[in-house]
$ cat query.txt   # compact mmCIF, C-alpha atoms (C1' of nucleotides)
# COMPACT_ATOMS: atom_id res chain seq x y z
CA MET A 10 12.44 -180.85 -80.33
CA SER A 11 12.50 -177.93 -78.51
CA SER A 12 11.87 -176.90 -75.14
CA ARG A 13 9.92 -173.77 -75.58
CA PRO A 14 10.98 -171.24 -73.02
CA PRO A 15 9.60 -172.10 -69.61
CA VAL A 16 6.24 -170.52 -69.02
CA PHE A 17 6.64 -170.07 -65.31
CA ASP A 18 8.75 -168.28 -62.71
CA GLY A 19 9.82 -168.91 -59.15
CA LEU A 20 6.46 -168.02 -57.67
CA ASP A 21 4.77 -170.42 -60.05
CA ARG A 22 7.20 -173.08 -58.97
CA LYS A 23 6.32 -172.49 -55.34
CA ILE A 24 2.65 -172.73 -56.18
CA ILE A 25 3.25 -176.02 -57.97
CA THR A 26 5.16 -177.31 -54.97
CA ALA A 27 2.34 -176.28 -52.64
CA LEU A 28 -0.33 -177.89 -54.80
CA THR A 29 1.72 -181.03 -55.22
CA ALA A 30 2.04 -181.31 -51.45
CA ASN A 31 -1.66 -180.69 -50.98
CA ALA A 32 -3.93 -180.25 -53.95
CA ARG A 33 -6.73 -179.07 -51.71
CA SER A 34 -4.99 -176.10 -50.16
CA SER A 35 -6.93 -172.91 -50.66
CA PHE A 36 -5.55 -170.17 -52.85
CA ALA A 37 -5.51 -167.90 -49.82
CA GLU A 38 -3.38 -170.39 -47.89
CA ILE A 39 -0.91 -170.72 -50.75
CA GLY A 40 -0.86 -166.98 -51.20
CA ALA A 41 -0.09 -166.39 -47.54
CA ALA A 42 2.79 -168.83 -47.74
CA ILE A 43 4.44 -167.22 -50.74
CA GLY A 44 3.38 -163.60 -50.38
CA LEU A 45 0.64 -163.29 -52.98
CA SER A 46 -3.08 -162.60 -52.79
CA ALA A 47 -5.53 -165.44 -53.31
CA THR A 48 -6.62 -163.81 -56.53
CA ALA A 49 -3.11 -163.69 -57.88
CA VAL A 50 -2.55 -167.32 -56.97
CA LYS A 51 -5.72 -168.37 -58.73
CA ARG A 52 -4.75 -166.54 -61.88
CA ARG A 53 -1.38 -168.24 -61.92
CA VAL A 54 -2.89 -171.66 -61.32
CA ASP A 55 -5.33 -171.08 -64.16
CA ARG A 56 -2.44 -170.10 -66.39
CA LEU A 57 -0.37 -173.13 -65.40
CA ARG A 58 -3.28 -175.43 -66.21
CA GLU A 59 -3.86 -173.62 -69.47
CA ALA A 60 -0.21 -174.05 -70.36
CA GLY A 61 -0.37 -177.76 -69.60
CA VAL A 62 2.18 -177.58 -66.81
CA ILE A 63 -0.37 -178.66 -64.22
CA THR A 64 -2.38 -181.45 -65.80
CA GLY A 65 -4.82 -182.13 -62.99
CA PHE A 66 -5.46 -182.77 -59.34
CA THR A 67 -5.80 -186.23 -57.95
CA ALA A 68 -6.26 -188.10 -54.72
CA THR A 69 -3.49 -190.52 -53.90
CA VAL A 70 -4.65 -193.87 -52.70
CA LYS A 71 -2.93 -196.81 -51.11
CA PRO A 72 -3.30 -199.44 -53.85
CA SER A 73 -3.44 -202.28 -51.35
CA ALA A 74 -6.41 -200.64 -49.66
CA LEU A 75 -8.25 -200.85 -52.96
CA GLY A 76 -7.41 -204.50 -53.31
CA TRP A 77 -4.37 -204.22 -55.59
CA ARG A 78 -1.81 -206.20 -53.66
CA THR A 79 0.36 -207.54 -56.46
CA GLU A 80 2.62 -205.44 -58.64
CA ALA A 81 5.09 -206.33 -61.35
CA TYR A 82 7.15 -204.96 -64.20
CA VAL A 83 6.89 -206.95 -67.41
CA GLU A 84 9.29 -206.81 -70.31
CA VAL A 85 7.57 -207.48 -73.60
CA TYR A 86 9.27 -208.92 -76.67
CA CYS A 87 7.50 -208.72 -80.01
CA ASP A 88 7.66 -210.57 -83.32
CA GLY A 89 9.49 -208.54 -85.92
CA ALA A 90 9.60 -204.78 -85.62
CA ALA A 91 7.03 -203.75 -83.09
CA PRO A 92 5.18 -200.69 -84.25
CA PRO A 93 4.62 -198.58 -81.15
CA ARG A 94 1.19 -197.64 -82.37
CA ARG A 95 0.01 -201.25 -82.47
CA LEU A 96 1.62 -201.87 -79.09
CA ALA A 97 -0.31 -198.96 -77.61
CA GLU A 98 -3.56 -200.53 -78.77
CA VAL A 99 -2.68 -203.84 -77.20
CA VAL A 100 -1.77 -202.17 -73.94
CA ARG A 101 -5.10 -200.38 -73.75
CA ASN A 102 -6.89 -203.73 -73.91
CA HIS A 103 -5.69 -204.65 -70.45
CA PRO A 104 -6.83 -202.39 -67.64
CA GLU A 105 -4.34 -203.96 -65.24
CA ILE A 106 -1.52 -202.28 -67.16
CA SER A 107 -1.03 -199.00 -65.35
CA ALA A 108 1.99 -197.78 -67.27
CA ALA A 109 3.66 -198.83 -70.49
CA MET A 110 6.57 -197.48 -72.43
CA THR A 111 9.04 -198.39 -75.11
CA VAL A 112 12.55 -198.70 -73.78
CA THR A 113 16.14 -199.19 -74.83
CA GLY A 114 17.64 -202.63 -74.28
CA GLY A 115 16.45 -205.98 -75.52
CA ALA A 116 12.77 -205.62 -74.79
CA ASP A 117 10.34 -203.77 -77.01
CA ALA A 118 8.33 -202.43 -74.12
CA LEU A 119 8.16 -202.32 -70.36
CA LEU A 120 4.80 -202.62 -68.62
CA HIS A 121 3.80 -201.83 -65.08
CA VAL A 122 1.04 -204.19 -64.02
CA ARG A 123 -1.18 -204.18 -60.94
CA ALA A 124 -3.27 -207.18 -59.98
CA THR A 125 -5.23 -208.21 -56.95
CA ASP A 126 -3.06 -211.25 -56.27
CA VAL A 127 -0.64 -213.61 -57.94
CA GLU A 128 -3.42 -215.69 -59.42
CA HIS A 129 -4.92 -212.62 -61.04
CA PHE A 130 -1.47 -211.55 -62.24
CA GLU A 131 -0.95 -214.90 -63.93
CA GLU A 132 -4.28 -214.50 -65.68
CA VAL A 133 -3.28 -211.05 -66.94
CA LEU A 134 0.01 -212.39 -68.18
CA GLU A 135 -1.70 -215.17 -70.11
CA ARG A 136 -4.07 -212.64 -71.63
CA ILE A 137 -1.15 -210.45 -72.73
CA ARG A 138 0.75 -213.39 -74.19
CA THR A 139 -2.28 -214.26 -76.28
CA GLU A 140 -2.09 -210.95 -78.13
CA PRO A 141 -1.15 -211.27 -81.82
CA PHE A 142 2.50 -210.35 -82.03
CA ILE A 143 3.72 -210.72 -78.46
CA ARG A 144 6.53 -213.26 -78.54
CA LYS A 145 7.54 -213.51 -74.92
CA THR A 146 7.38 -211.70 -71.61
CA ILE A 147 9.73 -211.54 -68.64
CA SER A 148 8.24 -210.52 -65.32
CA TYR A 149 9.78 -208.90 -62.28
CA MET A 150 7.48 -209.03 -59.28
CA VAL A 151 7.76 -206.12 -56.89
CA LEU A 152 8.65 -207.36 -53.42
CA SER A 153 8.85 -204.18 -51.36
CA HIS A 154 9.14 -200.47 -51.90
CA LEU A 155 12.25 -198.61 -50.81
CA LEU A 156 10.65 -195.19 -51.07
CA PRO A 157 7.18 -194.03 -50.07
CA GLU A 158 5.10 -194.91 -53.08
CA SER A 159 4.80 -192.09 -55.50
CA PRO A 160 1.23 -191.03 -55.92
CA GLU A 161 -0.68 -193.27 -58.23
CA ALA A 162 -4.22 -192.79 -59.20
CA GLY A 163 -5.28 -196.05 -57.70
CA ALA A 164 -8.91 -195.60 -58.44
CA SER A 165 -8.56 -194.40 -61.98
CA GLN A 166 -8.00 -198.03 -62.69
CA PRO A 167 -11.20 -200.00 -62.71
CA ALA A 168 -12.18 -201.65 -59.49
CA PRO A 169 -10.62 -205.07 -59.19
CA LYS A 170 -12.89 -207.42 -61.03
CA ASP A 171 -15.24 -208.97 -58.60
CA THR A 172 -14.93 -212.32 -60.16
CA PRO A 173 -15.25 -214.52 -57.12
CA GLY A 174 -11.94 -215.95 -56.22
CA HIS A 175 -10.04 -213.04 -57.65
CA ALA A 176 -11.19 -209.89 -56.06
CA PRO A 177 -11.23 -209.05 -52.41
CA ASP A 178 -14.56 -208.19 -50.97
CA MET A 179 -15.02 -204.45 -51.29
CA ARG A 180 -18.42 -204.75 -49.67
CA MET B 26 -1.42 -212.15 -43.67
CA SER B 27 -4.04 -210.41 -43.49
CA SER B 28 -6.23 -208.22 -45.34
CA ARG B 29 -8.29 -206.68 -42.63
CA PRO B 30 -11.87 -206.30 -43.72
CA PRO B 31 -12.31 -203.48 -46.17
CA VAL B 32 -13.06 -200.22 -44.45
CA PHE B 33 -15.18 -198.77 -47.17
CA ASP B 34 -18.36 -199.37 -49.14
CA GLY B 35 -19.68 -198.55 -52.59
CA LEU B 36 -20.34 -194.89 -51.78
CA ASP B 37 -16.80 -194.55 -50.47
CA ARG B 38 -15.53 -196.06 -53.67
CA LYS B 39 -17.47 -193.52 -55.72
CA ILE B 40 -16.04 -190.75 -53.57
CA ILE B 41 -12.53 -192.08 -54.17
CA THR B 42 -13.18 -192.21 -57.90
CA ALA B 43 -14.46 -188.64 -57.88
CA LEU B 44 -11.50 -187.35 -55.89
CA THR B 45 -9.07 -189.25 -58.05
CA ALA B 46 -10.55 -187.64 -61.13
CA ASN B 47 -10.47 -184.20 -59.53
CA ALA B 48 -9.02 -183.71 -56.09
CA ARG B 49 -10.39 -180.20 -55.92
CA SER B 50 -14.07 -181.02 -56.38
CA SER B 51 -16.14 -179.65 -53.53
CA PHE B 52 -17.86 -182.02 -51.15
CA ALA B 53 -21.19 -180.60 -52.30
CA GLU B 54 -20.35 -181.44 -55.91
CA ILE B 55 -19.40 -184.98 -55.06
CA GLY B 56 -22.45 -185.36 -52.86
CA ALA B 57 -24.74 -184.21 -55.65
CA ALA B 58 -23.23 -186.78 -57.98
CA ILE B 59 -23.70 -189.71 -55.64
CA GLY B 60 -26.74 -188.68 -53.63
CA LEU B 61 -25.24 -187.57 -50.34
CA SER B 62 -25.04 -184.27 -48.51
CA ALA B 63 -21.78 -182.36 -48.51
CA THR B 64 -21.44 -183.03 -44.82
CA ALA B 65 -21.80 -186.76 -45.25
CA VAL B 66 -19.21 -186.73 -48.01
CA LYS B 67 -16.77 -184.82 -45.84
CA ARG B 68 -17.21 -187.25 -42.99
CA ARG B 69 -16.46 -190.16 -45.27
CA VAL B 70 -13.44 -188.48 -46.77
CA ASP B 71 -12.12 -187.76 -43.29
CA ARG B 72 -12.63 -191.40 -42.39
CA LEU B 73 -10.92 -192.62 -45.55
CA ARG B 74 -7.91 -190.44 -44.81
CA GLU B 75 -7.90 -191.58 -41.22
CA ALA B 76 -7.95 -195.19 -42.35
CA GLY B 77 -5.05 -194.59 -44.71
CA VAL B 78 -7.03 -195.43 -47.83
CA ILE B 79 -6.67 -191.91 -49.18
CA THR B 80 -3.09 -190.88 -48.50
CA GLY B 81 -3.18 -187.36 -49.86
CA PHE B 82 -4.12 -184.98 -52.64
CA THR B 83 -1.65 -183.89 -55.24
CA ALA B 84 -1.35 -181.85 -58.38
CA THR B 85 -0.23 -183.79 -61.41
CA VAL B 86 2.42 -182.09 -63.44
CA LYS B 87 3.91 -182.74 -66.84
CA PRO B 88 7.47 -183.71 -65.89
CA SER B 89 8.90 -182.30 -69.10
CA ALA B 90 7.37 -178.92 -68.28
CA LEU B 91 9.40 -178.91 -65.08
CA GLY B 92 12.54 -179.73 -66.97
CA TRP B 93 12.65 -183.49 -66.41
CA ARG B 94 13.04 -184.74 -69.94
CA THR B 95 14.95 -187.95 -69.37
CA GLU B 96 13.59 -191.04 -67.69
CA ALA B 97 15.03 -194.48 -67.11
CA TYR B 98 14.65 -197.68 -65.17
CA VAL B 99 17.81 -198.93 -63.55
CA GLU B 100 18.46 -202.43 -62.29
CA VAL B 101 20.83 -202.46 -59.34
CA TYR B 102 23.07 -205.38 -58.40
CA CYS B 103 24.68 -205.42 -54.98
CA ASP B 104 27.69 -207.10 -53.39
CA GLY B 105 26.63 -209.99 -51.19
CA ALA B 106 23.17 -210.06 -49.73
CA ALA B 107 21.71 -206.61 -50.05
CA PRO B 108 19.88 -205.65 -46.90
CA PRO B 109 16.81 -203.73 -48.05
CA ARG B 110 17.25 -201.32 -45.16
CA ARG B 111 20.69 -200.24 -46.33
CA LEU B 112 19.46 -200.04 -49.89
CA ALA B 113 16.67 -197.71 -48.81
CA GLU B 114 19.21 -195.35 -47.27
CA VAL B 115 21.25 -195.29 -50.43
CA VAL B 116 18.21 -194.58 -52.50
CA ARG B 117 17.24 -191.61 -50.36
CA ASN B 118 20.62 -190.03 -51.07
CA HIS B 119 19.68 -189.41 -54.66
CA PRO B 120 16.73 -187.11 -55.25
CA GLU B 121 16.56 -188.11 -58.91
CA ILE B 122 15.34 -191.56 -57.86
CA SER B 123 11.57 -191.22 -57.90
CA ALA B 124 10.71 -194.84 -57.16
CA ALA B 125 12.69 -197.81 -55.92
CA MET B 126 11.74 -201.34 -55.05
CA THR B 127 13.19 -204.76 -54.50
CA VAL B 128 12.17 -207.21 -57.18
CA THR B 129 12.34 -210.84 -58.16
CA GLY B 130 14.81 -211.78 -60.87
CA GLY B 131 18.52 -211.22 -61.01
CA ALA B 132 18.63 -207.66 -59.79
CA ASP B 133 18.45 -206.64 -56.16
CA ALA B 134 16.45 -203.53 -56.87
CA LEU B 135 14.77 -201.59 -59.63
CA LEU B 136 14.97 -197.80 -59.65
CA HIS B 137 12.95 -195.25 -61.54
CA VAL B 138 15.13 -192.26 -62.28
CA ARG B 139 14.26 -188.84 -63.68
CA ALA B 140 16.91 -186.47 -64.93
CA THR B 141 16.93 -183.27 -66.90
CA ASP B 142 18.85 -184.75 -69.80
CA VAL B 143 21.13 -187.62 -70.71
CA GLU B 144 24.17 -185.80 -69.36
CA HIS B 145 22.49 -185.37 -66.00
CA PHE B 146 21.36 -188.99 -66.06
CA GLU B 147 24.92 -190.16 -66.59
CA GLU B 148 25.99 -188.08 -63.62
CA VAL B 149 23.29 -189.66 -61.44
CA LEU B 150 24.33 -193.11 -62.56
CA GLU B 151 27.95 -192.44 -61.66
CA ARG B 152 26.87 -191.17 -58.27
CA ILE B 153 24.83 -194.30 -57.64
CA ARG B 154 27.65 -196.58 -58.75
CA THR B 155 29.93 -194.90 -56.25
CA GLU B 156 27.77 -196.03 -53.33
CA PRO B 157 29.45 -198.62 -51.07
CA PHE B 158 28.01 -201.95 -52.05
CA ILE B 159 26.53 -201.30 -55.50
CA ARG B 160 28.23 -203.72 -57.86
CA LYS B 161 26.68 -202.88 -61.19
CA THR B 162 23.69 -201.22 -62.79
CA ILE B 163 21.81 -201.87 -66.00
CA SER B 164 19.76 -199.01 -67.41
CA TYR B 165 16.74 -198.97 -69.65
CA MET B 166 16.02 -195.52 -71.00
CA VAL B 167 12.37 -194.71 -71.57
CA LEU B 168 11.79 -193.81 -75.19
CA SER B 169 8.07 -193.10 -75.36
CA HIS B 170 4.97 -193.72 -73.30
CA LEU B 171 2.25 -196.01 -74.60
CA LEU B 172 -0.33 -194.82 -72.06
CA PRO B 173 -1.07 -191.33 -70.79
CA GLU B 174 1.43 -190.90 -68.00
CA SER B 175 0.03 -191.80 -64.66
CA PRO B 176 0.07 -188.90 -62.28
CA GLU B 177 3.43 -188.33 -60.76
CA ALA B 178 4.19 -185.72 -58.24
CA GLY B 179 6.65 -183.99 -60.46
CA ALA B 180 7.35 -181.14 -58.12
CA SER B 181 7.73 -183.16 -54.97
CA GLN B 182 11.09 -183.90 -56.43
CA PRO B 183 13.49 -181.04 -55.97
CA ALA B 184 13.77 -178.60 -58.77
CA PRO B 185 16.29 -179.74 -61.33
CA LYS B 186 19.63 -178.55 -60.08
CA ASP B 187 20.39 -175.27 -61.65
CA THR B 188 23.94 -176.17 -62.22
CA PRO B 189 24.60 -174.35 -65.44
CA GLY B 190 24.80 -176.77 -68.26
CA HIS B 191 22.48 -179.23 -66.61
CA ALA B 192 19.25 -177.58 -65.77
CA PRO B 193 16.96 -175.83 -68.13
CA ASP B 194 16.29 -172.25 -67.34
CA MET B 195 13.24 -172.14 -65.11
CA ARG B 196 13.55 -168.37 -64.91
C1' DA C 20 0.14 -158.11 -62.96
C1' DA C 21 -1.33 -157.40 -58.23
C1' DT C 22 -4.86 -155.59 -55.10
C1' DG C 23 -9.36 -154.79 -52.66
C1' DA C 24 -14.09 -155.34 -52.15
C1' DA C 25 -18.57 -157.58 -52.97
C1' DA C 26 -21.41 -161.62 -54.37
C1' DT C 27 -21.51 -166.43 -54.33
C1' DA C 28 -20.01 -171.09 -52.67
C1' DT C 29 -17.93 -174.09 -49.62
C1' DT C 30 -16.59 -175.94 -45.31
C1' DC C 31 -17.39 -177.31 -40.69
C1' DA C 32 -19.59 -178.04 -36.19
C1' DA C 33 -23.91 -178.40 -33.56
C1' DA C 34 -28.41 -180.40 -32.98
C1' DG C 35 -32.15 -183.44 -34.32
C1' DC C 36 -34.01 -187.51 -36.74
C1' DG D 1 -25.10 -192.33 -39.93
C1' DC D 2 -27.51 -188.75 -42.65
C1' DT D 3 -29.59 -184.20 -42.89
C1' DT D 4 -30.39 -179.48 -41.88
C1' DT D 5 -28.96 -175.16 -40.12
C1' DG D 6 -25.97 -171.25 -39.55
C1' DA D 7 -21.55 -169.07 -38.79
C1' DA D 8 -16.88 -168.74 -40.51
C1' DT D 9 -14.00 -169.22 -44.73
C1' DA D 10 -12.90 -169.56 -49.41
C1' DT D 11 -13.63 -168.60 -54.25
C1' DT D 12 -14.59 -165.76 -58.06
C1' DT D 13 -15.62 -161.64 -60.61
C1' DC D 14 -14.93 -156.95 -61.33
C1' DA D 15 -13.21 -152.41 -60.72
C1' DT D 16 -8.84 -150.08 -59.53
C1' DT D 17 -3.83 -148.97 -59.45
$ encode --input "query.txt" --output "structure tokens"
Amino acid sequence: MSSRPPVFDGLDRKIITALTANARSSFAEIGAAIGLSATAVKRRVDRLREAGVITGFTATVKPSALGWRTEAYVEVYCDGAAPPRRLAEVVRNHPEISAAMTVTGGADALLHVRATDVEHFEEVLERIRTEPFIRKTISYMVLSHLLPESPEAGASQPAPKDTPGHAPDMR
Amino acid sequence: MSSRPPVFDGLDRKIITALTANARSSFAEIGAAIGLSATAVKRRVDRLREAGVITGFTATVKPSALGWRTEAYVEVYCDGAAPPRRLAEVVRNHPEISAAMTVTGGADALLHVRATDVEHFEEVLERIRTEPFIRKTISYMVLSHLLPESPEAGASQPAPKDTPGHAPDMR
DNA sequence: AATGAAATATTCAAAGC
DNA sequence: GCTTTGAATATTTCATT
């Protein structure tokens, strides 16, 4: 439980906003925008990282440019009571799963899956269904995005397997 | 149609990986790691941005630290044929919607919603249901994550409304 | 906590290979 | 297209208020 008291103030919030908009802005730039010296900005950023508010800095990549052109949400149903800990292990076995969570509703878990194409996605799905206590899956393929895609660390996922026939040529 | 030929090579891919891991690494640092001069790295990064492969650099933030402690996926069902363009407008009216897409399956769209708490989430849901042609919604609350949360630009969303009673004190 | 100043690094554009 | 060079900026540490 318990929201410890927030460890940041309005200036920190502005810094977070600035860094979220552009993680490569200089401290001097940010400082100029919010009325603080570069030194002061750096100290606050260090503190925010220390406190776990800012967890990192990442480049955002267009997944399709990296060869990930197929995206789906997959509901997972398990045999018996699904222990979240075991589920987490299963999920980590499949690099195409980019997000996974337990949810309310009928399903035991919801997965976000990225694949190079539909053929690859089918292969992933078969692999997941093979796992010990997975009973069934229901997939919802993403057709189009209604908002600019929220930043996803496209390249923190492994490169699409270059199994011929599956992966686009990355040269 | 058509995947234009990939606009990057193996060195570019390594650069993308490095920047995804830490968007604030210096070009010199990256160059040292992959055997290129800082200048060469910068040129490639500029080209990758130009080409739309790298879309930006962002700080990753722990949503709960910013006061977003409630998360859900919401299936949306519309009256008649839902024109994606109209749906996109609706979605933009609600800052709590952090991702939205059309999907296969029964629903017309799937939304990812972040709220400060369950009370706030209910308010968002009521607001969405009020929109002209939304017929019904089905929500799946996120209980726990099975993978480390993929970077989300927590602060690109507006600050949680500081309506007393809804938003945590950000001081 | 914020500031200012000095030492060290980084970025960026020009020129040559 | 990569490297080197050098000038302009940015970062970081430390002393000061």
$ atom_distance --input "query.txt" --atom1 "CA of Glu128 (chain A)" --atom2 "CA of Arg78 (chain A)"
11.2 Å
$ interface_residues --input "query.txt" --of "chain D" --to "chain B" --cutoff "9 Å" --atoms "all atoms listed in the file" --output "MDAnalysis selection string"
chainID D and resid 1:3
$ residues_around --input "query.txt" --residues "region 27-33 of chain C" --least-positions-apart "5" --cutoff "8 Å" --atoms "only C-alpha atoms (C1' of nucleotides)" --output "number ranges by chain"
B: 51, 53; D: 9-12
$ atom_distance --input "query.txt" --atom1 "CA of Asp21 (chain A)" --atom2 "CA of Ala140 (chain B)"
20.7 Å
$ calpha_fit_and_write --input "query.txt" --fixed "chain A" --moving "chain B" --output "short mmCIF file (atom, residue, chain, number, x, y, z; two decimals) with C-alpha atoms, keeping the file's coordinate frame"
data_model
loop_
_atom_site.label_atom_id
_atom_site.label_comp_id
_atom_site.auth_asym_id
_atom_site.auth_seq_id
_atom_site.Cartn_x
_atom_site.Cartn_y
_atom_site.Cartn_z
CA MET B 26 13.93 -180.13 -80.45
CA SER B 27 12.89 -177.80 -78.60
CA SER B 28 12.25 -176.85 -75.19
CA ARG B 29 10.16 -173.77 -75.60
CA PRO B 30 11.07 -171.18 -73.02
CA PRO B 31 9.76 -172.07 -69.61
CA VAL B 32 6.32 -170.67 -69.01
CA PHE B 33 6.68 -170.18 -65.32
CA ASP B 34 8.74 -168.34 -62.72
CA GLY B 35 9.80 -168.89 -59.13
CA LEU B 36 6.39 -168.02 -57.69
CA ASP B 37 4.76 -170.48 -60.07
CA ARG B 38 7.20 -173.11 -58.93
CA LYS B 39 6.28 -172.48 -55.30
CA ILE B 40 2.62 -172.76 -56.22
CA ILE B 41 3.29 -176.08 -57.94
CA THR B 42 5.16 -177.32 -54.89
CA ALA B 43 2.30 -176.29 -52.62
CA LEU B 44 -0.32 -177.94 -54.80
CA THR B 45 1.76 -181.07 -55.14
CA ALA B 46 2.00 -181.31 -51.38
CA ASN B 47 -1.72 -180.70 -50.97
CA ALA B 48 -3.95 -180.31 -53.98
CA ARG B 49 -6.80 -179.13 -51.81
CA SER B 50 -5.10 -176.11 -50.25
CA SER B 51 -7.09 -172.96 -50.85
CA PHE B 52 -5.68 -170.23 -53.04
CA ALA B 53 -5.71 -167.92 -50.03
CA GLU B 54 -3.59 -170.39 -48.06
CA ILE B 55 -1.07 -170.71 -50.83
CA GLY B 56 -1.04 -166.96 -51.35
CA ALA B 57 -0.34 -166.35 -47.68
CA ALA B 58 2.59 -168.73 -47.81
CA ILE B 59 4.24 -167.10 -50.79
CA GLY B 60 3.12 -163.50 -50.49
CA LEU B 61 0.40 -163.24 -53.11
CA SER B 62 -3.32 -162.62 -52.99
CA ALA B 63 -5.69 -165.52 -53.49
CA THR B 64 -6.78 -164.00 -56.77
CA ALA B 65 -3.25 -163.79 -58.08
CA VAL B 66 -2.63 -167.40 -57.11
CA LYS B 67 -5.77 -168.53 -58.90
CA ARG B 68 -4.78 -166.69 -62.04
CA ARG B 69 -1.41 -168.37 -62.05
CA VAL B 70 -2.87 -171.79 -61.42
CA ASP B 71 -5.29 -171.27 -64.29
CA ARG B 72 -2.39 -170.28 -66.50
CA LEU B 73 -0.32 -173.28 -65.44
CA ARG B 74 -3.19 -175.61 -66.27
CA GLU B 75 -3.75 -173.84 -69.55
CA ALA B 76 -0.09 -174.25 -70.41
CA GLY B 77 -0.21 -177.94 -69.60
CA VAL B 78 2.30 -177.71 -66.77
CA ILE B 79 -0.27 -178.78 -64.21
CA THR B 80 -2.23 -181.60 -65.79
CA GLY B 81 -4.71 -182.28 -63.02
CA PHE B 82 -5.38 -182.88 -59.35
CA THR B 83 -5.74 -186.33 -57.93
CA ALA B 84 -6.23 -188.17 -54.70
CA THR B 85 -3.45 -190.57 -53.83
CA VAL B 86 -4.63 -193.92 -52.62
CA LYS B 87 -2.90 -196.85 -51.01
CA PRO B 88 -3.23 -199.48 -53.76
CA SER B 89 -3.37 -202.32 -51.27
CA ALA B 90 -6.36 -200.68 -49.59
CA LEU B 91 -8.19 -200.90 -52.90
CA GLY B 92 -7.33 -204.54 -53.23
CA TRP B 93 -4.30 -204.26 -55.52
CA ARG B 94 -1.76 -206.28 -53.62
CA THR B 95 0.39 -207.58 -56.43
CA GLU B 96 2.66 -205.49 -58.61
CA ALA B 97 5.11 -206.38 -61.34
CA TYR B 98 7.15 -205.01 -64.19
CA VAL B 99 6.87 -206.95 -67.40
CA GLU B 100 9.25 -206.81 -70.33
CA VAL B 101 7.49 -207.45 -73.62
CA TYR B 102 9.16 -208.86 -76.72
CA CYS B 103 7.37 -208.61 -80.04
CA ASP B 104 7.50 -210.42 -83.38
CA GLY B 105 9.31 -208.34 -85.98
CA ALA B 106 9.47 -204.61 -85.60
CA ALA B 107 6.90 -203.58 -83.06
CA PRO B 108 5.09 -200.48 -84.18
CA PRO B 109 4.56 -198.41 -81.04
CA ARG B 110 1.11 -197.46 -82.26
CA ARG B 111 -0.07 -201.06 -82.36
CA LEU B 112 1.57 -201.72 -79.02
CA ALA B 113 -0.35 -198.82 -77.50
CA GLU B 114 -3.62 -200.36 -78.64
CA VAL B 115 -2.74 -203.68 -77.10
CA VAL B 116 -1.81 -202.05 -73.86
CA ARG B 117 -5.14 -200.24 -73.63
CA ASN B 118 -6.93 -203.58 -73.80
CA HIS B 119 -5.72 -204.52 -70.37
CA PRO B 120 -6.84 -202.30 -67.52
CA GLU B 121 -4.35 -203.90 -65.15
CA ILE B 122 -1.52 -202.23 -67.08
CA SER B 123 -0.99 -198.97 -65.24
CA ALA B 124 2.04 -197.76 -67.17
CA ALA B 125 3.68 -198.80 -70.41
CA MET B 126 6.59 -197.45 -72.36
CA THR B 127 9.04 -198.36 -75.06
CA VAL B 128 12.56 -198.70 -73.76
CA THR B 129 16.13 -199.23 -74.85
CA GLY B 130 17.60 -202.67 -74.33
CA GLY B 131 16.37 -206.00 -75.57
CA ALA B 132 12.71 -205.60 -74.83
CA ASP B 133 10.28 -203.71 -77.01
CA ALA B 134 8.29 -202.39 -74.10
CA LEU B 135 8.15 -202.32 -70.33
CA LEU B 136 4.80 -202.61 -68.57
CA HIS B 137 3.82 -201.83 -65.02
CA VAL B 138 1.05 -204.18 -63.97
CA ARG B 139 -1.15 -204.19 -60.88
CA ALA B 140 -3.25 -207.18 -59.95
CA THR B 141 -5.20 -208.24 -56.92
CA ASP B 142 -3.05 -211.29 -56.27
CA VAL B 143 -0.63 -213.64 -57.96
CA GLU B 144 -3.46 -215.69 -59.44
CA HIS B 145 -4.94 -212.60 -61.04
CA PHE B 146 -1.50 -211.55 -62.25
CA GLU B 147 -1.01 -214.88 -63.97
CA GLU B 148 -4.35 -214.43 -65.69
CA VAL B 149 -3.33 -210.97 -66.92
CA LEU B 150 -0.05 -212.32 -68.20
CA GLU B 151 -1.80 -215.07 -70.14
CA ARG B 152 -4.15 -212.51 -71.63
CA ILE B 153 -1.25 -210.34 -72.72
CA ARG B 154 0.63 -213.28 -74.21
CA THR B 155 -2.41 -214.10 -76.30
CA GLU B 156 -2.23 -210.76 -78.11
CA PRO B 157 -1.30 -211.06 -81.81
CA PHE B 158 2.35 -210.19 -82.05
CA ILE B 159 3.59 -210.59 -78.47
CA ARG B 160 6.37 -213.15 -78.59
CA LYS B 161 7.41 -213.44 -74.98
CA THR B 162 7.29 -211.65 -71.66
CA ILE B 163 9.65 -211.56 -68.71
CA SER B 164 8.20 -210.53 -65.36
CA TYR B 165 9.78 -208.98 -62.32
CA MET B 166 7.50 -209.10 -59.32
CA VAL B 167 7.82 -206.21 -56.90
CA LEU B 168 8.72 -207.49 -53.47
CA SER B 169 8.97 -204.35 -51.37
CA HIS B 170 9.28 -200.62 -51.87
CA LEU B 171 12.43 -198.81 -50.80
CA LEU B 172 10.84 -195.36 -51.03
CA PRO B 173 7.39 -194.19 -49.98
CA GLU B 174 5.27 -195.03 -52.98
CA SER B 175 4.91 -192.16 -55.34
CA PRO B 176 1.33 -191.11 -55.76
CA GLU B 177 -0.54 -193.33 -58.11
CA ALA B 178 -4.08 -192.84 -59.10
CA GLY B 179 -5.16 -196.11 -57.65
CA ALA B 180 -8.82 -195.66 -58.36
CA SER B 181 -8.50 -194.41 -61.89
CA GLN B 182 -7.94 -198.03 -62.61
CA PRO B 183 -11.15 -199.98 -62.63
CA ALA B 184 -12.13 -201.66 -59.45
CA PRO B 185 -10.57 -205.07 -59.16
CA LYS B 186 -12.86 -207.41 -60.99
CA ASP B 187 -15.22 -208.93 -58.55
CA THR B 188 -14.94 -212.28 -60.11
CA PRO B 189 -15.28 -214.48 -57.07
CA GLY B 190 -11.98 -215.96 -56.19
CA HIS B 191 -10.05 -213.06 -57.61
CA ALA B 192 -11.16 -209.88 -56.04
CA PRO B 193 -11.18 -209.07 -52.40
CA ASP B 194 -14.52 -208.20 -50.98
CA MET B 195 -14.93 -204.45 -51.29
CA ARG B 196 -18.38 -204.73 -49.75
#
